[in-house]
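K.L.:
Next comes the structure file work-v8.txt, holding compact mmCIF, C-alpha atoms and all ligand atoms.
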```
# COMPACT_ATOMS: atom_id res chain seq x y z
CA MET L 568 261.88 26.43 401.15
CA SER L 569 262.25 30.09 402.14
CA ARG L 570 259.67 32.37 400.67
CA ASP L 571 261.32 35.79 400.77
CA TRP L 572 264.54 37.33 399.56
CA ILE L 573 266.52 40.21 400.99
CA ALA L 574 268.38 42.09 398.28
CA ARG L 575 270.82 44.92 398.76
CA PRO L 576 272.56 47.21 396.31
CA GLY L 577 275.02 44.91 394.53
CA SER L 578 278.56 45.11 393.27
CA PRO L 579 279.51 44.94 389.58
CA LEU L 580 278.71 41.58 387.98
CA GLN L 581 281.79 39.71 386.84
CA GLY L 582 282.78 36.31 385.48
CA ARG L 583 280.98 33.66 383.47
CA VAL L 584 277.60 32.10 384.15
CA ARG L 585 275.60 29.30 382.58
CA VAL L 586 271.85 29.39 383.14
CA PRO L 587 269.62 26.26 383.17
CA GLY L 588 268.10 24.57 380.14
CA ASP L 589 265.30 25.99 378.04
CA LYS L 590 261.86 25.48 379.57
CA SER L 591 259.90 25.38 376.31
CA ILE L 592 262.23 22.82 374.75
CA SER L 593 262.37 20.68 377.92
CA HIS L 594 258.56 20.39 378.07
CA ARG L 595 258.36 19.42 374.41
CA ALA L 596 261.24 16.92 374.64
CA VAL L 597 259.38 14.97 377.32
CA MET L 598 256.10 15.09 375.42
CA LEU L 599 257.44 14.00 372.04
CA GLY L 600 259.82 11.51 373.69
CA ALA L 601 256.82 9.89 375.40
CA LEU L 602 254.80 9.70 372.16
CA ALA L 603 257.71 8.39 370.10
CA GLU L 604 258.67 4.83 369.34
CA GLY L 605 262.01 4.02 370.95
CA THR L 606 264.16 5.86 373.45
CA THR L 607 264.74 9.60 373.68
CA HIS L 608 267.78 10.93 375.51
CA VAL L 609 267.51 14.52 376.74
CA ARG L 610 270.59 16.46 377.88
CA GLY L 611 270.37 19.92 379.44
CA PHE L 612 266.82 19.22 380.68
CA LEU L 613 265.52 22.02 382.92
CA GLU L 614 265.26 20.69 386.48
CA GLY L 615 262.44 23.16 387.16
CA GLU L 616 259.13 22.43 388.83
CA ASP L 617 257.23 23.15 385.60
CA THR L 618 259.13 20.67 383.46
CA ARG L 619 259.30 18.07 386.21
CA ALA L 620 255.51 18.32 386.49
CA THR L 621 255.22 17.48 382.80
CA ALA L 622 257.55 14.48 383.21
CA LYS L 623 255.47 13.29 386.16
CA VAL L 624 252.27 13.57 384.14
CA PHE L 625 253.71 11.24 381.50
CA GLU L 626 254.77 8.79 384.20
CA GLN L 627 251.14 8.80 385.37
CA LEU L 628 250.21 8.04 381.76
CA GLY L 629 252.43 4.95 381.79
CA VAL L 630 255.70 6.30 380.37
CA SER L 631 259.08 5.53 381.95
CA VAL L 632 261.07 8.74 382.45
CA GLU L 633 264.44 8.08 384.09
CA ALA L 634 266.85 10.69 385.40
CA PRO L 635 270.31 9.04 385.25
CA SER L 636 271.91 12.32 386.32
CA GLU L 637 270.91 15.90 386.90
CA SER L 638 269.57 17.61 383.76
CA GLU L 639 269.40 14.30 381.94
CA ARG L 640 266.30 12.29 381.08
CA VAL L 641 265.86 8.99 379.32
CA ILE L 642 262.31 8.55 378.07
CA ARG L 643 261.09 5.16 376.89
CA GLY L 644 258.55 6.20 374.29
CA VAL L 645 255.31 4.24 374.10
CA GLY L 646 254.26 5.35 370.61
CA LEU L 647 251.34 7.56 369.63
CA GLN L 648 248.74 5.05 370.84
CA GLY L 649 250.63 3.70 373.86
CA LEU L 650 249.62 6.09 376.68
CA ARG L 651 247.43 4.61 379.45
CA GLY L 652 244.68 6.53 381.20
CA ALA L 653 245.71 7.84 384.64
CA THR L 654 243.78 6.97 387.77
CA GLY L 655 243.73 10.54 389.10
CA PRO L 656 244.05 14.12 387.93
CA LEU L 657 247.19 15.22 386.11
CA ASP L 658 248.79 18.13 387.95
CA CYS L 659 250.57 20.63 385.68
CA GLY L 660 251.68 22.77 388.64
CA ASN L 661 252.36 26.36 387.58
CA ALA L 662 252.91 25.56 383.90
CA GLY L 663 250.68 27.04 381.22
CA THR L 664 252.86 25.37 378.60
CA GLY L 665 252.40 21.99 380.26
CA MET L 666 248.62 22.29 380.50
CA ARG L 667 247.94 23.76 377.07
CA LEU L 668 250.20 21.37 375.15
CA LEU L 669 248.95 18.39 377.15
CA ALA L 670 245.39 19.37 376.28
CA GLY L 671 246.32 18.88 372.62
CA VAL L 672 247.93 15.50 373.26
CA LEU L 673 245.15 14.22 375.50
CA ALA L 674 242.40 15.31 373.11
CA GLY L 675 243.59 12.53 370.81
CA GLN L 676 243.56 9.69 373.36
CA ALA L 677 241.03 6.89 373.73
CA PHE L 678 240.73 7.62 377.48
CA GLY L 679 239.57 10.63 379.46
CA SER L 680 241.85 12.88 381.54
CA THR L 681 241.64 15.74 384.00
CA LEU L 682 244.28 18.48 383.98
CA THR L 683 244.73 20.58 387.12
CA GLY L 684 247.18 23.27 388.20
CA ASP L 685 248.19 25.51 391.09
CA ALA L 686 246.33 28.66 392.15
CA SER L 687 247.99 30.78 389.43
CA LEU L 688 247.43 28.29 386.61
CA SER L 689 243.83 27.83 387.76
CA LYS L 690 243.22 31.47 386.83
CA ARG L 691 244.73 31.33 383.34
CA PRO L 692 242.57 31.35 380.21
CA MET L 693 242.08 27.97 378.55
CA LYS L 694 239.30 28.89 376.07
CA ARG L 695 242.07 29.69 373.62
CA VAL L 696 242.93 25.96 373.43
CA ILE L 697 239.46 24.55 374.11
CA GLU L 698 237.94 26.37 371.14
CA PRO L 699 240.25 24.99 368.41
CA LEU L 700 240.39 21.53 370.01
CA GLU L 701 236.58 21.37 370.01
CA ARG L 702 236.58 22.42 366.38
CA MET L 703 238.80 19.40 365.77
CA GLY L 704 236.16 17.18 367.44
CA ALA L 705 237.51 17.03 371.00
CA SER L 706 235.27 17.27 374.01
CA VAL L 707 236.74 19.50 376.73
CA THR L 708 234.94 20.89 379.76
CA SER L 709 236.30 23.62 382.02
CA GLN L 710 235.16 26.02 384.71
CA GLU L 711 234.00 28.78 382.35
CA GLY L 712 237.24 28.62 380.43
CA LEU L 713 239.47 28.05 383.46
CA PRO L 714 241.14 24.84 384.73
CA PRO L 715 240.60 22.09 385.70
CA LEU L 716 240.11 20.77 382.18
CA HIS L 717 238.25 17.50 381.67
CA ILE L 718 239.13 15.99 378.32
CA ALA L 719 236.72 13.23 377.38
CA GLY L 720 238.98 11.26 375.03
CA GLY L 721 237.60 8.65 372.64
CA GLN L 722 236.70 11.31 370.05
CA ALA L 723 237.70 11.09 366.41
CA LEU L 724 239.64 14.26 365.60
CA ARG L 725 239.78 15.95 362.21
CA GLY L 726 242.33 18.43 360.93
CA ILE L 727 241.40 22.12 360.85
CA ASP L 728 242.70 25.24 359.22
CA TYR L 729 243.23 27.52 362.20
CA VAL L 730 244.11 31.19 362.23
CA LEU L 731 245.35 32.05 365.73
CA PRO L 732 243.43 34.98 367.22
CA VAL L 733 246.34 35.74 369.61
CA ALA L 734 250.05 35.19 369.02
CA SER L 735 250.57 32.08 371.14
CA ALA L 736 253.04 29.25 370.65
CA GLN L 737 251.15 27.26 373.27
CA VAL L 738 247.89 27.39 371.34
CA LYS L 739 249.65 26.68 368.05
CA SER L 740 251.39 23.70 369.68
CA ALA L 741 248.19 22.32 371.22
CA VAL L 742 246.52 22.34 367.80
CA LEU L 743 249.54 20.74 366.08
CA LEU L 744 249.83 18.03 368.75
CA ALA L 745 246.13 17.21 368.42
CA GLY L 746 246.77 17.21 364.67
CA LEU L 747 249.06 14.18 365.11
CA TYR L 748 245.90 12.25 366.01
CA ALA L 749 243.58 13.92 363.48
CA ASP L 750 242.27 12.74 360.17
CA GLY L 751 243.59 14.94 357.38
CA VAL L 752 245.56 18.16 357.38
CA THR L 753 245.98 20.51 360.35
CA ARG L 754 247.14 23.98 359.39
CA VAL L 755 247.96 26.89 361.73
CA THR L 756 248.50 30.46 360.60
CA GLU L 757 249.75 33.07 363.07
CA PRO L 758 249.21 36.85 363.13
CA HIS L 759 252.85 37.17 364.21
CA PRO L 760 255.33 34.29 364.21
CA THR L 761 255.87 32.69 367.63
CA ARG L 762 258.50 30.25 368.89
CA ASP L 763 258.64 27.23 366.60
CA TYR L 764 260.06 24.56 368.91
CA THR L 765 257.13 22.19 368.44
CA GLU L 766 257.53 22.33 364.68
CA ARG L 767 261.32 21.90 364.80
CA MET L 768 261.10 19.06 367.28
CA LEU L 769 258.35 17.23 365.39
CA ALA L 770 260.64 17.30 362.36
CA ALA L 771 263.58 16.06 364.47
CA PHE L 772 261.41 13.15 365.67
CA GLY L 773 260.68 12.29 362.04
CA TRP L 774 257.12 13.62 361.62
CA PRO L 775 256.55 15.17 358.18
CA ILE L 776 255.76 18.86 358.76
CA GLU L 777 255.96 21.97 356.66
CA PHE L 778 256.64 25.19 358.51
CA ARG L 779 257.95 28.69 358.11
CA PRO L 780 257.55 31.80 360.26
CA GLY L 781 253.82 32.29 360.86
CA PHE L 782 252.69 28.99 359.31
CA ALA L 783 252.73 25.26 360.10
CA GLU L 784 251.01 22.32 358.44
CA LEU L 785 251.01 18.60 359.16
CA SER L 786 248.74 15.61 358.69
CA GLY L 787 247.87 12.73 360.99
CA GLY L 788 248.85 9.10 360.59
CA HIS L 789 252.65 9.16 360.84
CA ARG L 790 255.00 8.12 363.62
CA LEU L 791 257.55 9.74 365.89
CA THR L 792 260.92 8.09 366.40
CA GLY L 793 262.92 8.55 369.61
CA THR L 794 265.99 10.73 369.27
CA GLU L 795 268.61 12.77 371.14
CA VAL L 796 267.66 16.24 372.37
CA ASP L 797 270.38 18.65 373.43
CA VAL L 798 268.64 21.54 375.25
CA PRO L 799 270.34 24.95 375.06
CA ALA L 800 270.35 27.40 377.99
CA ASP L 801 267.11 29.33 378.33
CA PHE L 802 267.26 32.85 376.86
CA SER L 803 264.51 33.89 379.27
CA SER L 804 266.71 32.95 382.25
CA ALA L 805 269.75 34.61 380.66
CA ALA L 806 267.60 37.74 380.30
CA PHE L 807 267.86 38.56 384.02
CA PHE L 808 271.64 38.61 383.80
CA LEU L 809 271.60 40.55 380.51
CA VAL L 810 269.60 43.30 382.16
CA ALA L 811 271.45 43.16 385.48
CA ALA L 812 274.90 43.49 383.91
CA SER L 813 273.60 46.25 381.62
CA VAL L 814 272.37 48.38 384.52
CA ILE L 815 274.96 47.75 387.28
CA PRO L 816 277.93 50.07 386.70
CA GLY L 817 281.28 48.32 386.23
CA SER L 818 279.74 44.97 385.21
CA GLU L 819 281.29 42.69 382.61
CA LEU L 820 279.63 39.30 382.48
CA CYS L 821 279.68 36.42 380.02
CA ILE L 822 276.54 34.24 379.81
CA GLU L 823 277.48 30.98 378.14
CA ALA L 824 275.76 28.89 375.47
CA VAL L 825 272.47 30.81 375.41
CA GLY L 826 269.70 29.64 373.05
CA MET L 827 269.39 32.31 370.36
CA ASN L 828 266.29 31.21 368.45
CA PRO L 829 265.18 34.46 366.76
CA ARG L 830 261.65 34.00 368.11
CA ARG L 831 263.09 34.42 371.63
CA THR L 832 265.65 37.18 371.38
CA GLY L 833 263.50 40.31 371.08
CA LEU L 834 264.91 41.60 374.37
CA LEU L 835 268.36 41.74 372.84
CA ALA L 836 267.11 44.08 370.12
CA ALA L 837 265.22 46.20 372.67
CA LEU L 838 268.20 46.47 375.04
CA ARG L 839 270.53 47.35 372.18
CA ALA L 840 268.12 50.06 371.05
CA MET L 841 268.34 51.40 374.63
CA GLY L 842 272.13 51.57 374.35
CA ALA L 843 273.15 48.23 375.90
CA ASP L 844 276.60 46.80 375.16
CA ILE L 845 276.01 43.11 374.39
CA THR L 846 278.28 41.12 372.08
CA GLU L 847 277.53 37.67 370.69
CA ARG L 848 280.55 35.40 370.79
CA ALA L 849 281.20 31.92 369.39
CA ALA L 850 277.86 31.64 367.59
CA ARG L 851 277.23 27.95 366.91
CA GLU L 852 274.54 25.27 366.71
CA GLN L 853 273.52 23.00 369.55
CA GLY L 854 270.91 20.34 368.96
CA GLY L 855 269.67 22.15 365.86
CA GLU L 856 269.26 25.49 367.70
CA PRO L 857 271.48 28.56 367.37
CA VAL L 858 273.44 29.32 370.58
CA ALA L 859 276.03 31.95 371.48
CA ASP L 860 277.96 33.25 374.47
CA LEU L 861 276.73 36.72 375.36
CA LEU L 862 279.24 39.23 376.71
CA VAL L 863 277.44 42.05 378.52
CA ARG L 864 279.11 45.23 379.73
CA TYR L 865 277.48 47.97 381.73
CA ALA L 866 276.29 50.85 379.56
CA PRO L 867 274.09 53.83 380.32
CA LEU L 868 270.64 53.05 378.91
CA HIS L 869 268.03 55.43 377.55
CA GLY L 870 264.28 54.96 377.22
CA ILE L 871 262.67 53.80 373.96
CA GLU L 872 259.29 53.02 372.48
CA VAL L 873 259.49 49.23 372.31
CA PRO L 874 258.58 48.28 368.71
CA VAL L 875 255.26 46.41 368.80
CA GLU L 876 256.56 43.81 366.35
CA LEU L 877 259.15 42.73 368.94
CA VAL L 878 256.49 41.88 371.55
CA PRO L 879 255.94 38.16 370.79
CA ASP L 880 259.71 37.63 370.54
CA MET L 881 260.23 38.95 374.07
CA ILE L 882 256.91 38.18 375.74
CA ASP L 883 258.50 36.54 378.81
CA GLU L 884 261.17 39.23 379.12
CA PHE L 885 258.98 42.27 379.83
CA PRO L 886 259.37 42.14 383.63
CA ALA L 887 263.15 42.38 383.12
CA LEU L 888 262.72 45.05 380.42
CA PHE L 889 260.63 47.12 382.84
CA VAL L 890 263.60 47.11 385.22
CA ALA L 891 265.97 48.17 382.42
CA ALA L 892 263.52 51.00 381.69
CA ALA L 893 263.44 52.03 385.36
CA CYS L 894 267.26 52.28 385.29
CA ALA L 895 267.38 54.12 381.95
CA SER L 896 267.32 57.85 381.37
CA GLY L 897 264.01 59.11 380.02
CA ARG L 898 260.78 57.36 379.15
CA THR L 899 260.11 53.84 377.91
CA VAL L 900 256.76 53.00 376.35
CA VAL L 901 255.46 49.42 376.00
CA ARG L 902 252.38 48.81 373.86
CA GLY L 903 250.67 45.80 372.29
CA ALA L 904 251.54 43.53 375.21
CA ALA L 905 248.10 42.80 376.75
CA GLU L 906 249.10 39.10 376.91
CA LEU L 907 251.26 40.05 379.90
CA ARG L 908 248.05 40.31 381.89
CA VAL L 909 247.35 36.56 381.59
CA LYS L 910 250.77 35.14 382.46
CA GLU L 911 251.70 33.57 385.82
CA SER L 912 250.49 36.87 387.24
CA ASP L 913 249.14 40.04 385.63
CA ARG L 914 252.68 41.11 384.84
CA ILE L 915 251.80 44.69 383.96
CA ALA L 916 250.05 45.17 387.30
CA THR L 917 252.55 43.22 389.43
CA MET L 918 255.56 45.01 387.97
CA ALA L 919 253.85 48.39 388.24
CA THR L 920 253.02 47.75 391.90
CA GLY L 921 256.52 46.48 392.65
CA LEU L 922 258.42 49.23 390.89
CA ARG L 923 256.14 51.92 392.29
CA ALA L 924 256.85 50.64 395.81
CA LEU L 925 260.54 51.26 395.00
CA GLY L 926 259.84 54.84 393.95
CA VAL L 927 259.75 54.33 390.18
CA SER L 928 257.27 56.33 388.15
CA ILE L 929 255.30 53.83 386.09
CA GLU L 930 251.87 54.20 384.55
CA GLU L 931 249.89 51.14 383.53
CA THR L 932 248.00 51.09 380.26
CA PRO L 933 245.62 48.31 379.16
CA ASP L 934 248.30 46.76 376.94
CA GLY L 935 251.55 47.98 378.40
CA ALA L 936 253.15 50.67 380.53
CA VAL L 937 254.93 54.01 380.46
CA ILE L 938 258.02 53.96 382.64
CA GLU L 939 260.18 56.94 383.60
CA GLY L 940 263.74 56.05 384.49
CA GLY L 941 265.02 57.41 387.78
CA VAL L 942 266.19 56.61 391.27
CA ILE L 943 265.21 53.27 392.79
CA ARG L 944 264.82 53.21 396.54
CA GLY L 945 264.54 50.41 399.10
CA GLY L 946 261.30 48.88 400.34
CA ARG L 947 259.09 45.81 400.47
CA VAL L 948 257.71 44.26 397.32
CA ASP L 949 255.90 41.08 396.41
CA SER L 950 256.32 38.75 393.46
CA HIS L 951 252.70 37.53 393.68
CA GLY L 952 254.07 34.04 393.30
CA ASP L 953 255.41 34.83 389.82
CA HIS L 954 258.97 33.60 389.19
CA ARG L 955 259.86 36.22 386.61
CA ILE L 956 258.55 39.08 388.77
CA ALA L 957 260.68 37.87 391.72
CA MET L 958 263.88 37.72 389.65
CA SER L 959 263.19 41.05 387.95
CA LEU L 960 262.63 42.81 391.27
CA ALA L 961 265.89 41.28 392.53
CA ILE L 962 267.67 43.06 389.66
CA ALA L 963 265.93 46.33 390.45
CA ALA L 964 267.13 45.91 394.04
CA GLN L 965 270.76 45.80 392.90
CA ARG L 966 270.31 49.38 391.76
CA ALA L 967 268.32 50.48 394.82
CA SER L 968 269.60 52.99 397.37
CA GLN L 969 268.62 50.67 400.23
CA GLU L 970 267.61 47.13 401.07
CA VAL L 971 264.65 45.54 399.28
CA ARG L 972 262.64 42.63 400.68
CA ILE L 973 260.94 40.54 397.99
CA GLY L 974 258.06 38.36 399.17
CA ASP L 975 256.66 35.09 397.84
CA VAL L 976 259.63 33.92 395.78
CA ALA L 977 259.33 30.14 396.09
CA ASN L 978 258.00 29.84 392.53
CA VAL L 979 261.39 30.84 391.11
CA ALA L 980 262.06 27.09 391.24
CA THR L 981 259.50 26.60 388.46
CA SER L 982 261.91 27.95 385.84
CA PHE L 983 265.24 28.81 387.46
CA PRO L 984 266.41 26.45 390.19
CA GLY L 985 269.66 27.76 391.70
CA PHE L 986 269.03 31.38 390.70
CA VAL L 987 270.17 32.81 394.05
CA GLY L 988 273.45 30.84 394.13
CA LEU L 989 274.31 31.78 390.56
CA ALA L 990 273.39 35.42 391.12
CA GLN L 991 275.50 35.57 394.30
CA ARG L 992 278.49 34.05 392.52
CA CYS L 993 278.60 36.81 389.94
CA GLY L 994 278.03 39.69 392.36
CA PHE L 995 274.38 39.98 393.39
CA ALA L 996 273.74 40.83 397.03
CA LEU L 997 270.75 38.52 397.47
CA ASP L 998 269.79 36.07 400.24
CA HIS L 999 266.96 33.82 401.26
CA VAL L 1000 265.07 34.62 404.45
CA GLU L 1001 262.17 32.81 406.03
CA GLY L 1002 258.99 34.65 405.12
C1 LIG A 1101 255.63 29.22 375.61
C2 LIG A 1101 254.92 30.18 374.94
C3 LIG A 1101 254.63 31.53 375.49
C4 LIG A 1101 255.53 31.85 376.68
C5 LIG A 1101 255.66 30.70 377.63
C6 LIG A 1101 256.22 29.48 376.95
C7 LIG A 1101 255.84 27.91 374.97
O1 LIG A 1101 253.29 31.54 375.94
O2 LIG A 1101 255.03 32.98 377.36
O3 LIG A 1101 256.51 31.04 378.71
O4 LIG A 1101 256.69 27.13 375.46
O5 LIG A 1101 255.18 27.63 373.97
P1 LIG A 1101 252.05 31.90 374.95
O6 LIG A 1101 251.94 30.82 373.96
O7 LIG A 1101 250.86 31.98 375.86
O8 LIG A 1101 252.40 33.21 374.34
```
Please lay out the structure from this file as structure tokens.
P.N.:
Amino acid sequence: MSRDWIARPGSPLQGRVRVPGDKSISHRAVMLGALAEGTTHVRGFLEGEDTRATAKVFEQLGVSVEAPSESERVIRGVGLQGLRGATGPLDCGNAGTGMRLLAGVLAGQAFGSTLTGDASLSKRPMKRVIEPLERMGASVTSQEGLPPLHIAGGQALRGIDYVLPVASAQVKSAVLLAGLYADGVTRVTEPHPTRDYTERMLAAFGWPIEFRPGFAELSGGHRLTGTEVDVPADFSSAAFFLVAASVIPGSELCIEAVGMNPRRTGLLAALRAMGADITERAAREQGGEPVADLLVRYAPLHGIEVPVELVPDMIDEFPALFVAAACASGRTVVRGAAELRVKESDRIATMATGLRALGVSIEETPDGAVIEGGVIRGGRVDSHGDHRIAMSLAIAAQRASQEVRIGDVANVATSFPGFVGLAQRCGFALDHVEG
């Protein structure tokens, strides 16, 4: 696997693209499919390293996960009590979603487990899940709040009424998944609504759950029944093409069948406020989720103050938004986004370093950045092993005056296998090189 990319100023983006399946939904489909009674058939599964790691973990826990064809999984559910303890550690790879949601599931098992991850995941905060899980009666040890996590198992869990201190769908989901195993009612209230895939999917698997934006409540003692899951294309992967076509003059690109869950589409609102020309076509439902084709045409963008209430709905899209801001006229201000500092990298710092190396004026703040649009020049940048930083810098490079070399890009495979091929097909000048 090559580790660097060479990107050159690109030509207008044209044609139609379809990006891979949604990462959040793919993780959850494997988890609930494993815990269900009967078979679950997943179509559109993301063949990324993150989601494959989750599938492998469940195989270690005794679940059969077959892949009859690419992007398809057949999971033979073992029921809520049917997982078997693994002989070794369970490696979540780069995936915070995998580790945090698994912590919730494993807290309710009769056996103990150890969750590990790669260098990036090993630096990500886990106290946010340990604290509520311990309040439910779980016993979890960590390295001062960092992975590996040792989950004792064999503990009787009880439902809690939990008010999330940070807006996090992963923490909410960990608590709800532990709640499947808990005595009584588990209730989660959020300061700002986050993606509700766990709630929607629990309902689709037949678990009684009450939820609305900012609130979810369920009780233990029911069962999940295997079902069909049709995974829409990941808005977060579409985001790179939305920004690229918006900032490369002459572009007109259609991104097909994109998941449009309102808890994910904050970037669309932000880009439109900046002047982007994005039209939703053929809005429809796929597997219970709203999807649409997105037609993006180049448009001159201008800087904005990103509304703080949009932050949770576009939390994974800020690296791409920073690039849109660098290509816009005037100043863009991002606030209320301190969570970016604890993602696969410190995304405020890594984007600031990368864009600055390309001549962009960007000032970091504790919870965001101030970016002045202007000329982007060539140079060498590094993704710091963060998939979304690598792809965002590749977009910036399409607008650069000269060649850009982007280092440490192998982790793009965690969320977007085939990114380079797809990008090349619609007009990106981007190639792998041996690092
Ligand atoms: C995710 C939730 C978000 C997001 C991540 C996926 C999920 O994380 O950044 O990529 O699938 O629940 P937080 O819950 O930490 O905000």
K.L.:
Record the distance separating atom CA of Ile973 of chain L and atom CA of Phe986 of chain L, expressed in Å with one decimal.
P.N.:
14.2 Å
K.L.:
Would you work out the distance separating atom CA of Met693 of chain L from atom CA of Leu668 of chain L, expressed in Å to one decimal?
P.N.:
11.0 Å
K.L.:
Which is closer to Ala963 of chain L than all the others in L:Ser709, L:Ser813, L:Ser982, L:Ser631, using only C-alpha atoms?
P.N.:
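So, comparing all the options, the nearest one is L:Ser813.
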K.L.:
Using all atoms listed in the file, what table do you get, as JSON lines, when you list each residue of chain L with an atom no more than 9 Å from ligand LIG 1101 (chain A), its nearest pair of atoms, and their distance in Å rounded to one decimal, rows by chain then rising number?
P.N.:
```
{"residue": "L:Lys590", "atom": "CA", "partner": "A:LIG1101", "partner_atom": "O4", "distance": 6.8}
{"residue": "L:Ser591", "atom": "CA", "partner": "A:LIG1101", "partner_atom": "O4", "distance": 3.8}
{"residue": "L:Ile592", "atom": "CA", "partner": "A:LIG1101", "partner_atom": "O4", "distance": 7.1}
{"residue": "L:Ser593", "atom": "CA", "partner": "A:LIG1101", "partner_atom": "O4", "distance": 8.9}
{"residue": "L:His594", "atom": "CA", "partner": "A:LIG1101", "partner_atom": "O4", "distance": 7.5}
{"residue": "L:Arg595", "atom": "CA", "partner": "A:LIG1101", "partner_atom": "O4", "distance": 8.0}
{"residue": "L:Ala662", "atom": "CA", "partner": "A:LIG1101", "partner_atom": "O3", "distance": 8.4}
{"residue": "L:Gly663", "atom": "CA", "partner": "A:LIG1101", "partner_atom": "C5", "distance": 7.1}
{"residue": "L:Thr664", "atom": "CA", "partner": "A:LIG1101", "partner_atom": "O4", "distance": 5.3}
{"residue": "L:Gly665", "atom": "CA", "partner": "A:LIG1101", "partner_atom": "O4", "distance": 8.2}
{"residue": "L:Arg667", "atom": "CA", "partner": "A:LIG1101", "partner_atom": "O6", "distance": 8.7}
{"residue": "L:Leu668", "atom": "CA", "partner": "A:LIG1101", "partner_atom": "O5", "distance": 8.1}
{"residue": "L:Val733", "atom": "CA", "partner": "A:LIG1101", "partner_atom": "O8", "distance": 8.1}
{"residue": "L:Ala734", "atom": "CA", "partner": "A:LIG1101", "partner_atom": "O8", "distance": 6.1}
{"residue": "L:Ser735", "atom": "CA", "partner": "A:LIG1101", "partner_atom": "O6", "distance": 3.4}
{"residue": "L:Ala736", "atom": "CA", "partner": "A:LIG1101", "partner_atom": "O6", "distance": 3.8}
{"residue": "L:Gln737", "atom": "CA", "partner": "A:LIG1101", "partner_atom": "O6", "distance": 3.7}
{"residue": "L:Val738", "atom": "CA", "partner": "A:LIG1101", "partner_atom": "O6", "distance": 5.9}
{"residue": "L:Lys739", "atom": "CA", "partner": "A:LIG1101", "partner_atom": "O6", "distance": 7.6}
{"residue": "L:Ser740", "atom": "CA", "partner": "A:LIG1101", "partner_atom": "O5", "distance": 6.9}
{"residue": "L:Thr761", "atom": "CA", "partner": "A:LIG1101", "partner_atom": "O8", "distance": 7.6}
{"residue": "L:Arg762", "atom": "CA", "partner": "A:LIG1101", "partner_atom": "O5", "distance": 6.6}
{"residue": "L:Asp763", "atom": "CA", "partner": "A:LIG1101", "partner_atom": "O5", "distance": 8.2}
{"residue": "L:Tyr764", "atom": "CA", "partner": "A:LIG1101", "partner_atom": "O5", "distance": 7.7}
{"residue": "L:Thr765", "atom": "CA", "partner": "A:LIG1101", "partner_atom": "O5", "distance": 8.0}
{"residue": "L:Ser803", "atom": "CA", "partner": "A:LIG1101", "partner_atom": "O3", "distance": 8.5}
{"residue": "L:Pro879", "atom": "CA", "partner": "A:LIG1101", "partner_atom": "O8", "distance": 7.0}
{"residue": "L:Met881", "atom": "CA", "partner": "A:LIG1101", "partner_atom": "O2", "distance": 8.6}
{"residue": "L:Ile882", "atom": "CA", "partner": "A:LIG1101", "partner_atom": "O2", "distance": 5.8}
{"residue": "L:Asp883", "atom": "CA", "partner": "A:LIG1101", "partner_atom": "O2", "distance": 5.2}
{"residue": "L:Glu884", "atom": "CA", "partner": "A:LIG1101", "partner_atom": "O2", "distance": 8.9}
{"residue": "L:Glu906", "atom": "CA", "partner": "A:LIG1101", "partner_atom": "O8", "distance": 7.2}
{"residue": "L:Leu907", "atom": "CA", "partner": "A:LIG1101", "partner_atom": "O2", "distance": 8.4}
{"residue": "L:Val909", "atom": "CA", "partner": "A:LIG1101", "partner_atom": "O7", "distance": 8.1}
{"residue": "L:Lys910", "atom": "CA", "partner": "A:LIG1101", "partner_atom": "O2", "distance": 7.0}
{"residue": "L:Glu911", "atom": "CA", "partner": "A:LIG1101", "partner_atom": "O3", "distance": 8.9}
```
K.L.:
To one decimal place in Å, what is the distance between atom CA of Gly644 of chain L and atom CA of Thr792 of chain L?
P.N.:
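It comes out at 8.5 Å.
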K.L.:
Using all atoms listed in the file, can you tell me which of L:Gly652, L:Pro587, L:Gly684, L:Gly751 comes closest to Gln627 of chain L?
P.N.:
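That would be L:Gly652, the residue with the smallest distance to Gln627 of chain L.
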K.L.:
Counting all atoms listed in the file, figure out which residue out of L:Leu713, L:Ala634, L:Val942, L:Leu861 gets nearest to Cys821 of chain L.
P.N.:
L:Leu861
K.L.:
Hey, can you pull every residue with an atom no more than 9 Å from (261.9, 10.5, 366.2), using only C-alpha atoms, and send it as a list in words?
P.N.:
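The distance filter leaves exactly Leu599, Gly600, Ala603, Glu604, Gly605, Thr606, Thr607, Met768, Leu769, Ala770, Ala771, Phe772, Gly773, Trp774, Arg790, Leu791, Thr792, Gly793, Thr794 and Glu795 of chain L.
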K.L.:
My list of candidates is L:Thr621, L:Ser928, L:Ser638, L:Thr832. Which is closest to Val609 of chain L when distances are computed with all atoms listed in the file?
P.N.:
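The shortest atom-to-atom distance to Val609 of chain L comes from L:Ser638.
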K.L.:
Which residue gives the smallest distance to Gly671 of chain L among L:Ala723, L:Leu731, L:Ile871, L:Ala745, with all atoms listed in the file counted?
P.N.:
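Residue with the minimum atom-to-atom distance to Gly671 of chain L: L:Ala745.
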K.L.:
Residues near Ala719 of chain L, anyone? I mean within 7 Å using only C-alpha atoms, not counting same-chain ones fewer than 4 positions away, as number ranges by chain.
P.N.:
L: 678-680, 706-707
K.L.:
With all atoms listed in the file as the atoms that count, which of L:Ile718, L:Val632, L:Ala837, L:Val825 lies nearest to Glu876 of chain L?
P.N.:
L:Ala837
K.L.:
Write out as a count of residues only the residues lying within 12 Å of Ala800 of chain L, counting all atoms listed in the file and excluding same-chain residues fewer than 6 positions away.
P.N.:
35
K.L.:
Identify, on the basis of all atoms listed in the file, every residue whose closest approach to Gly704 of chain L does not exceed 7 Å; exclude the query and any residue fewer than 5 positions from it along the same chain; express the result as a count of residues only.
P.N.:
4
